[in-house]
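Report on one structure; see the data block that follows.
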Amino acid sequence: MTIKMDPFLTDLQNCKEVCWKNPNLGKDTKTYFTVADIQDASDRLDRFASYIATVFPETQKTNGIIESRLTEIPDMLEVLKEKESIVTDSQLYLKCDNDLPISGSIKARGGIYEVLKFAETVALESGQLALTDDYAKLANEEFKTMFSKYAIAVGSTGNLGLSIGIMGAKLGFHTTVHMSNDAKQWKKELLRKRGVTVVEHEGDFSKAVTLGRKAAEKDPQCHFVDDEGSRDLFLGYSVAALRLKKQFEEQGIEITAEKPLFVHLPCGVGGSPGGVAFGLVTIFGPNVKIVFVEPTHAPSMLLGLYTGLNDGISVNDLGIDGKTAADGLAVGRPSRLVGTVINPILYAASTVQDDRLYQYLTLLADSENIYVEPSSTAGIASFVNLNQKLASTEPSIQKGTHLIWGTGGNMVPKSEMASYYEKGRSLLK
Ligand SMILES: *Cc1c(COP(=O)(O)O)cnc(C)c1O
């Protein structure tokens, strides 16, 4: 493919850090999903709450609702002000999806939702479940036997595989996870222990998805979770906005035109940040400013949006290798669904080098005693990038409230986390 190069694309190609203000914000008013779609997904998760509480006792304290806390991180803010020479009146919050129950990442929203929706469809069609039933009965043997006649498959860099695998296997489905070469060994082992079939592929994320899709197509009883374009995943993520609204009310956080809310979302294929962003803008309106962040070696969504080619272009087309320590973000080609949905609601996007991801990981651990994985610290870089590169022309950045979306971490084995931490420590010297 021939691409008309310009200075911005040359920077992207050379894996330089960039910060981009989206000129298309507010330009398209076509709605691809509605508030009713978000509510429908939320209602479905409510129906499943008693089942979730039954089979995952760690969710009993939230009555089977898979949710994370919202916490202010003032000590991290002080560290960043000093280290990165940031001048700001903002308050800084972390949405702790790094700590979500069951699978320890933001994928516990969309991934689990899509599996539950498929299970509900199968069970309703069988006539053995009604919408008004207590869904705890889905834990019974008869339903496990029913689900064992069906299969679920997914292609993943790791965390989506964990969510789909753990949930699918728990319900009784034959579950297969196609892993890309970025996927960590411990994730494969954990899944195999839970009875999930793990297929390892040599190629990257896109290849794992393609091969997974092909394998699934051969089996008419198989539901393929398509991370490159699934509406169900997207809507599962979007429910976060309804939950966050409640948390904002409880904590007295107000969003106004003078004091907008900036939300920093690490982006891989775009499904999770896209779904969350769509939910937030739908629920809160234009005073929410959505900011995406990607690794300099995998700026797939930014490339698709900037060129307008969306999923018609891959970072490989610019000769970018797609290799990054942020395994959850190691994606070369963006979702075919999310680009068009996000284009009119995205405020800005930026990129970050891997070294900074490790540094922020260590600084967050030291200042707030919160441990997240490298993909998850990209949101911290996004906060810094916006302040350093955009605040001089966009003063609301220094006045608004900033929310960093933590996206993964609590399933990472201790020894692995310790080596991330040490790496960040050594880079800070
Ligand atoms: C998957 C993932 C993301 C990004 O989500 P996408 O839907 O791929 O854009 C961010 N952080 C972590 C930890 C992830 O696992």
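Going by the structure tokens order, chains are called A, B, ..., each with residues numbered from 1, while ligands are numbered from 1 in the order shown.
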
Checklist entry - Do you know which residues are within 8 Å of ligand 1 using only C-alpha atoms and all ligand atoms? Can you write them as JSON, numbers by chain? => result {"A": [98, 105, 106, 107, 157, 158, 159, 160, 227, 265, 266, 267, 268, 269, 270, 271, 272, 273, 274, 326, 327, 328, 329, 331, 373, 374, 375, 376, 406, 407, 408, 409]}

Checklist entry - Out of stretch 138-361 of chain A, which residues get alpha helix (DSSP H) from DSSP, as a PyMOL selection string? => result chain A and resi 141-147+159-171+185-193+205-217+231-238+240-251+271-284+300-307+338-342+354-361

Next on the checklist: Give me the residues near A:Ser68 as a PyMOL selection string, where near means some atom within 6 Å (using only C-alpha atoms) and where sequence neighbours in that chain fewer than 6 positions away do not count.
Outcome noted: chain A and resi 96-97+100

Item to check | Spatial neighbours of stretch 54-60 of chain A, max dist 8 Å, only C-alpha atoms, sep filter under 6 positions, as an MDAnalysis selection string | outcome: chainID A and resid 66 101:102 136 139 170

Keeping N, CA, C and O atoms for every residue in the selection just given, could you write it to a file as a short mmCIF file (atom, residue, chain, number, x, y, z; two decimals), in the first residue's frame?
data_model
loop_
_atom_site.label_atom_id
_atom_site.label_comp_id
_atom_site.auth_asym_id
_atom_site.auth_seq_id
_atom_site.Cartn_x
_atom_site.Cartn_y
_atom_site.Cartn_z
N ILE A 66 -19.57 -7.27 38.93
CA ILE A 66 -18.12 -7.21 38.72
C ILE A 66 -17.74 -5.74 38.55
O ILE A 66 -17.96 -5.15 37.50
N PRO A 101 -12.49 -8.24 39.80
CA PRO A 101 -12.51 -9.65 40.17
C PRO A 101 -12.60 -10.57 38.95
O PRO A 101 -12.89 -10.12 37.85
N ILE A 102 -12.34 -11.82 39.17
CA ILE A 102 -12.44 -12.93 38.22
C ILE A 102 -11.27 -12.99 37.25
O ILE A 102 -10.61 -14.01 37.16
N ALA A 136 -29.07 -17.98 39.39
CA ALA A 136 -28.17 -18.85 40.15
C ALA A 136 -28.33 -20.30 39.72
O ALA A 136 -27.41 -21.11 39.82
N ALA A 139 -25.88 -22.53 37.61
CA ALA A 139 -24.74 -23.27 38.15
C ALA A 139 -25.05 -24.76 38.28
O ALA A 139 -24.16 -25.57 38.56
N LYS A 170 -16.17 -22.04 33.23
CA LYS A 170 -17.01 -22.13 34.45
C LYS A 170 -18.44 -22.51 34.11
O LYS A 170 -19.07 -23.32 34.78
#

Next on the checklist: Need to verify the contact set: A:Val196, 12 Å, only C-alpha atoms, exclusion of same-chain residues closer than 5 positions in sequence. Can you return it as a ChimeraX atom specification?
Outcome noted: /A:151-154,161-179,187-191

Saved selection, atoms kept: N, CA and C atoms, as a PDB file, in the first residue's frame:
ATOM      1  N   ALA A 151     -19.480 -24.536  21.968  1.00  0.00           N
ATOM      2  CA  ALA A 151     -18.090 -24.113  22.145  1.00  0.00           C
ATOM      3  C   ALA A 151     -17.978 -22.599  22.041  1.00  0.00           C
ATOM      4  N   ILE A 152     -16.948 -22.075  22.682  1.00  0.00           N
ATOM      5  CA  ILE A 152     -16.626 -20.646  22.578  1.00  0.00           C
ATOM      6  C   ILE A 152     -15.154 -20.553  22.219  1.00  0.00           C
ATOM      7  N   ALA A 153     -14.827 -19.650  21.294  1.00  0.00           N
ATOM      8  CA  ALA A 153     -13.426 -19.457  20.930  1.00  0.00           C
ATOM      9  C   ALA A 153     -13.113 -17.978  20.842  1.00  0.00           C
ATOM     10  N   VAL A 154     -11.837 -17.651  21.042  1.00  0.00           N
ATOM     11  CA  VAL A 154     -11.404 -16.248  20.981  1.00  0.00           C
ATOM     12  C   VAL A 154      -9.927 -16.190  20.600  1.00  0.00           C
ATOM     13  N   GLY A 161      -8.378 -13.481  26.559  1.00  0.00           N
ATOM     14  CA  GLY A 161      -8.382 -14.941  26.670  1.00  0.00           C
ATOM     15  C   GLY A 161      -8.664 -15.389  28.094  1.00  0.00           C
ATOM     16  N   LEU A 162      -8.071 -14.697  29.070  1.00  0.00           N
ATOM     17  CA  LEU A 162      -8.327 -15.047  30.476  1.00  0.00           C
ATOM     18  C   LEU A 162      -9.806 -14.880  30.814  1.00  0.00           C
ATOM     19  N   SER A 163     -10.376 -13.753  30.414  1.00  0.00           N
ATOM     20  CA  SER A 163     -11.782 -13.490  30.753  1.00  0.00           C
ATOM     21  C   SER A 163     -12.714 -14.500  30.095  1.00  0.00           C
ATOM     22  N   ILE A 164     -12.534 -14.690  28.794  1.00  0.00           N
ATOM     23  CA  ILE A 164     -13.402 -15.616  28.060  1.00  0.00           C
ATOM     24  C   ILE A 164     -13.178 -17.044  28.564  1.00  0.00           C
ATOM     25  N   GLY A 165     -11.910 -17.390  28.761  1.00  0.00           N
ATOM     26  CA  GLY A 165     -11.572 -18.750  29.165  1.00  0.00           C
ATOM     27  C   GLY A 165     -12.130 -19.092  30.536  1.00  0.00           C
ATOM     28  N   ILE A 166     -11.905 -18.227  31.506  1.00  0.00           N
ATOM     29  CA  ILE A 166     -12.351 -18.507  32.875  1.00  0.00           C
ATOM     30  C   ILE A 166     -13.886 -18.577  32.925  1.00  0.00           C
ATOM     31  N   MET A 167     -14.532 -17.614  32.279  1.00  0.00           N
ATOM     32  CA  MET A 167     -16.006 -17.574  32.331  1.00  0.00           C
ATOM     33  C   MET A 167     -16.620 -18.719  31.518  1.00  0.00           C
ATOM     34  N   GLY A 168     -16.080 -18.924  30.312  1.00  0.00           N
ATOM     35  CA  GLY A 168     -16.619 -19.973  29.439  1.00  0.00           C
ATOM     36  C   GLY A 168     -16.511 -21.346  30.081  1.00  0.00           C
ATOM     37  N   ALA A 169     -15.329 -21.624  30.634  1.00  0.00           N
ATOM     38  CA  ALA A 169     -15.112 -22.941  31.242  1.00  0.00           C
ATOM     39  C   ALA A 169     -15.997 -23.115  32.477  1.00  0.00           C
ATOM     40  N   LYS A 170     -16.167 -22.035  33.232  1.00  0.00           N
ATOM     41  CA  LYS A 170     -17.005 -22.126  34.447  1.00  0.00           C
ATOM     42  C   LYS A 170     -18.440 -22.510  34.107  1.00  0.00           C
ATOM     43  N   LEU A 171     -18.958 -21.965  33.020  1.00  0.00           N
ATOM     44  CA  LEU A 171     -20.336 -22.269  32.622  1.00  0.00           C
ATOM     45  C   LEU A 171     -20.463 -23.685  32.066  1.00  0.00           C
ATOM     46  N   GLY A 172     -19.345 -24.216  31.555  1.00  0.00           N
ATOM     47  CA  GLY A 172     -19.384 -25.569  31.005  1.00  0.00           C
ATOM     48  C   GLY A 172     -19.140 -25.643  29.507  1.00  0.00           C
ATOM     49  N   PHE A 173     -18.894 -24.514  28.874  1.00  0.00           N
ATOM     50  CA  PHE A 173     -18.621 -24.506  27.435  1.00  0.00           C
ATOM     51  C   PHE A 173     -17.251 -25.117  27.142  1.00  0.00           C
ATOM     52  N   HIS A 174     -17.120 -25.713  25.966  1.00  0.00           N
ATOM     53  CA  HIS A 174     -15.792 -26.053  25.451  1.00  0.00           C
ATOM     54  C   HIS A 174     -15.151 -24.749  25.024  1.00  0.00           C
ATOM     55  N   THR A 175     -14.084 -24.374  25.655  1.00  0.00           N
ATOM     56  CA  THR A 175     -13.534 -23.045  25.401  1.00  0.00           C
ATOM     57  C   THR A 175     -12.120 -23.145  24.856  1.00  0.00           C
ATOM     58  N   THR A 176     -11.896 -22.438  23.748  1.00  0.00           N
ATOM     59  CA  THR A 176     -10.575 -22.442  23.117  1.00  0.00           C
ATOM     60  C   THR A 176     -10.060 -21.010  23.009  1.00  0.00           C
ATOM     61  N   VAL A 177      -8.835 -20.793  23.446  1.00  0.00           N
ATOM     62  CA  VAL A 177      -8.225 -19.472  23.344  1.00  0.00           C
ATOM     63  C   VAL A 177      -7.024 -19.549  22.405  1.00  0.00           C
ATOM     64  N   HIS A 178      -7.082 -18.761  21.345  1.00  0.00           N
ATOM     65  CA  HIS A 178      -5.957 -18.679  20.406  1.00  0.00           C
ATOM     66  C   HIS A 178      -5.064 -17.524  20.838  1.00  0.00           C
ATOM     67  N   MET A 179      -3.847 -17.863  21.237  1.00  0.00           N
ATOM     68  CA  MET A 179      -2.957 -16.850  21.803  1.00  0.00           C
ATOM     69  C   MET A 179      -1.932 -16.385  20.775  1.00  0.00           C
ATOM     70  N   LYS A 187      -0.272 -16.979  31.669  1.00  0.00           N
ATOM     71  CA  LYS A 187      -1.681 -16.906  31.272  1.00  0.00           C
ATOM     72  C   LYS A 187      -2.106 -18.218  30.615  1.00  0.00           C
ATOM     73  N   LYS A 188      -1.210 -18.764  29.798  1.00  0.00           N
ATOM     74  CA  LYS A 188      -1.526 -20.049  29.147  1.00  0.00           C
ATOM     75  C   LYS A 188      -1.692 -21.150  30.193  1.00  0.00           C
ATOM     76  N   GLU A 189      -0.772 -21.145  31.155  1.00  0.00           N
ATOM     77  CA  GLU A 189      -0.833 -22.201  32.191  1.00  0.00           C
ATOM     78  C   GLU A 189      -2.096 -22.091  33.025  1.00  0.00           C
ATOM     79  N   LEU A 190      -2.423 -20.867  33.405  1.00  0.00           N
ATOM     80  CA  LEU A 190      -3.619 -20.653  34.230  1.00  0.00           C
ATOM     81  C   LEU A 190      -4.865 -21.155  33.494  1.00  0.00           C
ATOM     82  N   LEU A 191      -4.945 -20.860  32.213  1.00  0.00           N
ATOM     83  CA  LEU A 191      -6.121 -21.276  31.440  1.00  0.00           C
ATOM     84  C   LEU A 191      -6.189 -22.792  31.312  1.00  0.00           C
TER      85      LEU A 191
END

Checklist entry - Using only C-alpha atoms, which of the listed residues (A:Glu368, A:Asp311, A:Asp204, A:Asp11) sits closest to A:Gly229? => result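 Of the candidates, the smallest distance to A:Gly229 is held by A:Asp311.
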
Checklist entry - Rounded to one decimal in Å, what is the spacing between atom CA of A:Asn22 and atom CA of A:Ser230? => result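 Between atom CA of A:Asn22 and atom CA of A:Ser230 the gap works out to 24.4 Å.
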
Checklist entry - Could you work out how far atom CA of A:Phe262 lies from atom CA of A:Thr29, giving the answer in Å with one decimal? => result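 Spanning atom CA of A:Thr29 to atom CA of A:Phe262 is a straight-line distance of 20.9 Å.
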
Per residue of stretch 324-373 of chain A within 12 Å of stretch 284-300 of chain A, what are the shortest atom pair and its distance in Å to one decimal, counting only C-alpha atoms, with rows by chain and residue number, as a Markdown table?
| residue | atom | partner | partner_atom | distance |
| --- | --- | --- | --- | --- |
| A:Thr324 | CA | A:His297 | CA | 6.2 |
| A:Ala325 | CA | A:Pro295 | CA | 8.8 |
| A:Ala326 | CA | A:Pro295 | CA | 7.3 |
| A:Asp327 | CA | A:Pro295 | CA | 9.9 |
| A:Gly328 | CA | A:Glu294 | CA | 10.2 |
| A:Leu329 | CA | A:Glu294 | CA | 6.8 |
| A:Ala330 | CA | A:Ala298 | CA | 5.9 |
| A:Val331 | CA | A:Ala298 | CA | 5.9 |
| A:Gly332 | CA | A:Ser300 | CA | 5.2 |
| A:Arg333 | CA | A:Ser300 | CA | 5.2 |
| A:Pro334 | CA | A:Ser300 | CA | 5.4 |
| A:Ser335 | CA | A:Ser300 | CA | 9.1 |
| A:Arg336 | CA | A:Ser300 | CA | 11.5 |
| A:Val338 | CA | A:Ser300 | CA | 11.8 |
| A:Gly339 | CA | A:Ser300 | CA | 10.3 |
| A:Ile342 | CA | A:Ile290 | CA | 9.2 |
| A:Asn343 | CA | A:Ile290 | CA | 10.6 |
| A:Pro344 | CA | A:Ile290 | CA | 10.5 |
| A:Ile345 | CA | A:Ile290 | CA | 7.1 |
| A:Leu346 | CA | A:Ile290 | CA | 5.1 |
| A:Tyr347 | CA | A:Ile290 | CA | 5.2 |
| A:Ala348 | CA | A:Val291 | CA | 4.9 |
| A:Ala349 | CA | A:Phe292 | CA | 4.6 |
| A:Ser350 | CA | A:Val293 | CA | 4.9 |
| A:Thr351 | CA | A:Glu294 | CA | 4.8 |
| A:Val352 | CA | A:Pro295 | CA | 4.9 |
| A:Gln353 | CA | A:Thr296 | CA | 5.5 |
| A:Asp354 | CA | A:Pro295 | CA | 6.8 |
| A:Asp355 | CA | A:Pro295 | CA | 10.3 |
| A:Arg356 | CA | A:Pro295 | CA | 10.1 |
| A:Leu357 | CA | A:Pro295 | CA | 9.0 |

Store the residues of this selection in a file with C-alpha atoms, as a compact mmCIF listing (two decimals), in the first residue's frame.
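Dumped to part.txt:
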# COMPACT_ATOMS: atom_id res chain seq x y z
CA THR A 324 5.93 -3.66 23.01
CA ALA A 325 6.22 -4.60 26.68
CA ALA A 326 2.60 -3.50 26.97
CA ASP A 327 1.34 -6.90 25.82
CA GLY A 328 -2.32 -5.89 26.14
CA LEU A 329 -1.70 -3.10 23.65
CA ALA A 330 0.41 -5.06 21.15
CA VAL A 331 -2.01 -4.71 18.27
CA GLY A 332 -1.10 -3.73 14.70
CA ARG A 333 -4.52 -3.22 13.16
CA PRO A 334 -7.44 -1.52 14.94
CA SER A 335 -10.97 -2.83 15.36
CA ARG A 336 -13.21 -2.50 12.30
CA VAL A 338 -14.46 1.16 16.92
CA GLY A 339 -12.74 3.66 14.58
CA ILE A 342 -14.87 6.81 18.32
CA ASN A 343 -13.84 9.31 15.64
CA PRO A 344 -16.44 11.98 16.53
CA ILE A 345 -16.09 11.55 20.32
CA LEU A 346 -12.33 11.26 20.80
CA TYR A 347 -10.67 14.39 22.16
CA ALA A 348 -7.00 13.46 21.74
CA ALA A 349 -4.57 10.56 21.48
CA SER A 350 -0.89 10.13 22.20
CA THR A 351 1.87 7.53 22.22
CA VAL A 352 4.39 6.45 24.84
CA GLN A 353 7.68 4.59 24.88
CA ASP A 354 7.95 1.38 26.87
CA ASP A 355 10.59 2.71 29.26
CA ARG A 356 8.17 5.26 30.63
CA LEU A 357 5.56 2.53 31.23

Checklist entry - By how many Å are atom CA of A:Ala378 and atom CA of A:Val115 apart? => result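 Atom CA of A:Val115 lies at a distance of 27.6 Å from atom CA of A:Ala378.
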
Checklist entry - Counting only C-alpha atoms, what is within 9 Å of A:Asp89, bar same-chain residues fewer than 5 positions away, as a PyMOL selection string? => result chain A and resi 398-401

Item to check | Backbone DSSP call of strand (DSSP E or B) for stretch 32-278 of chain A, listed as a PyMOL selection string | outcome: chain A and resi 70-72+92-96+105+151-156+174-179+197-200+222-225+261-266
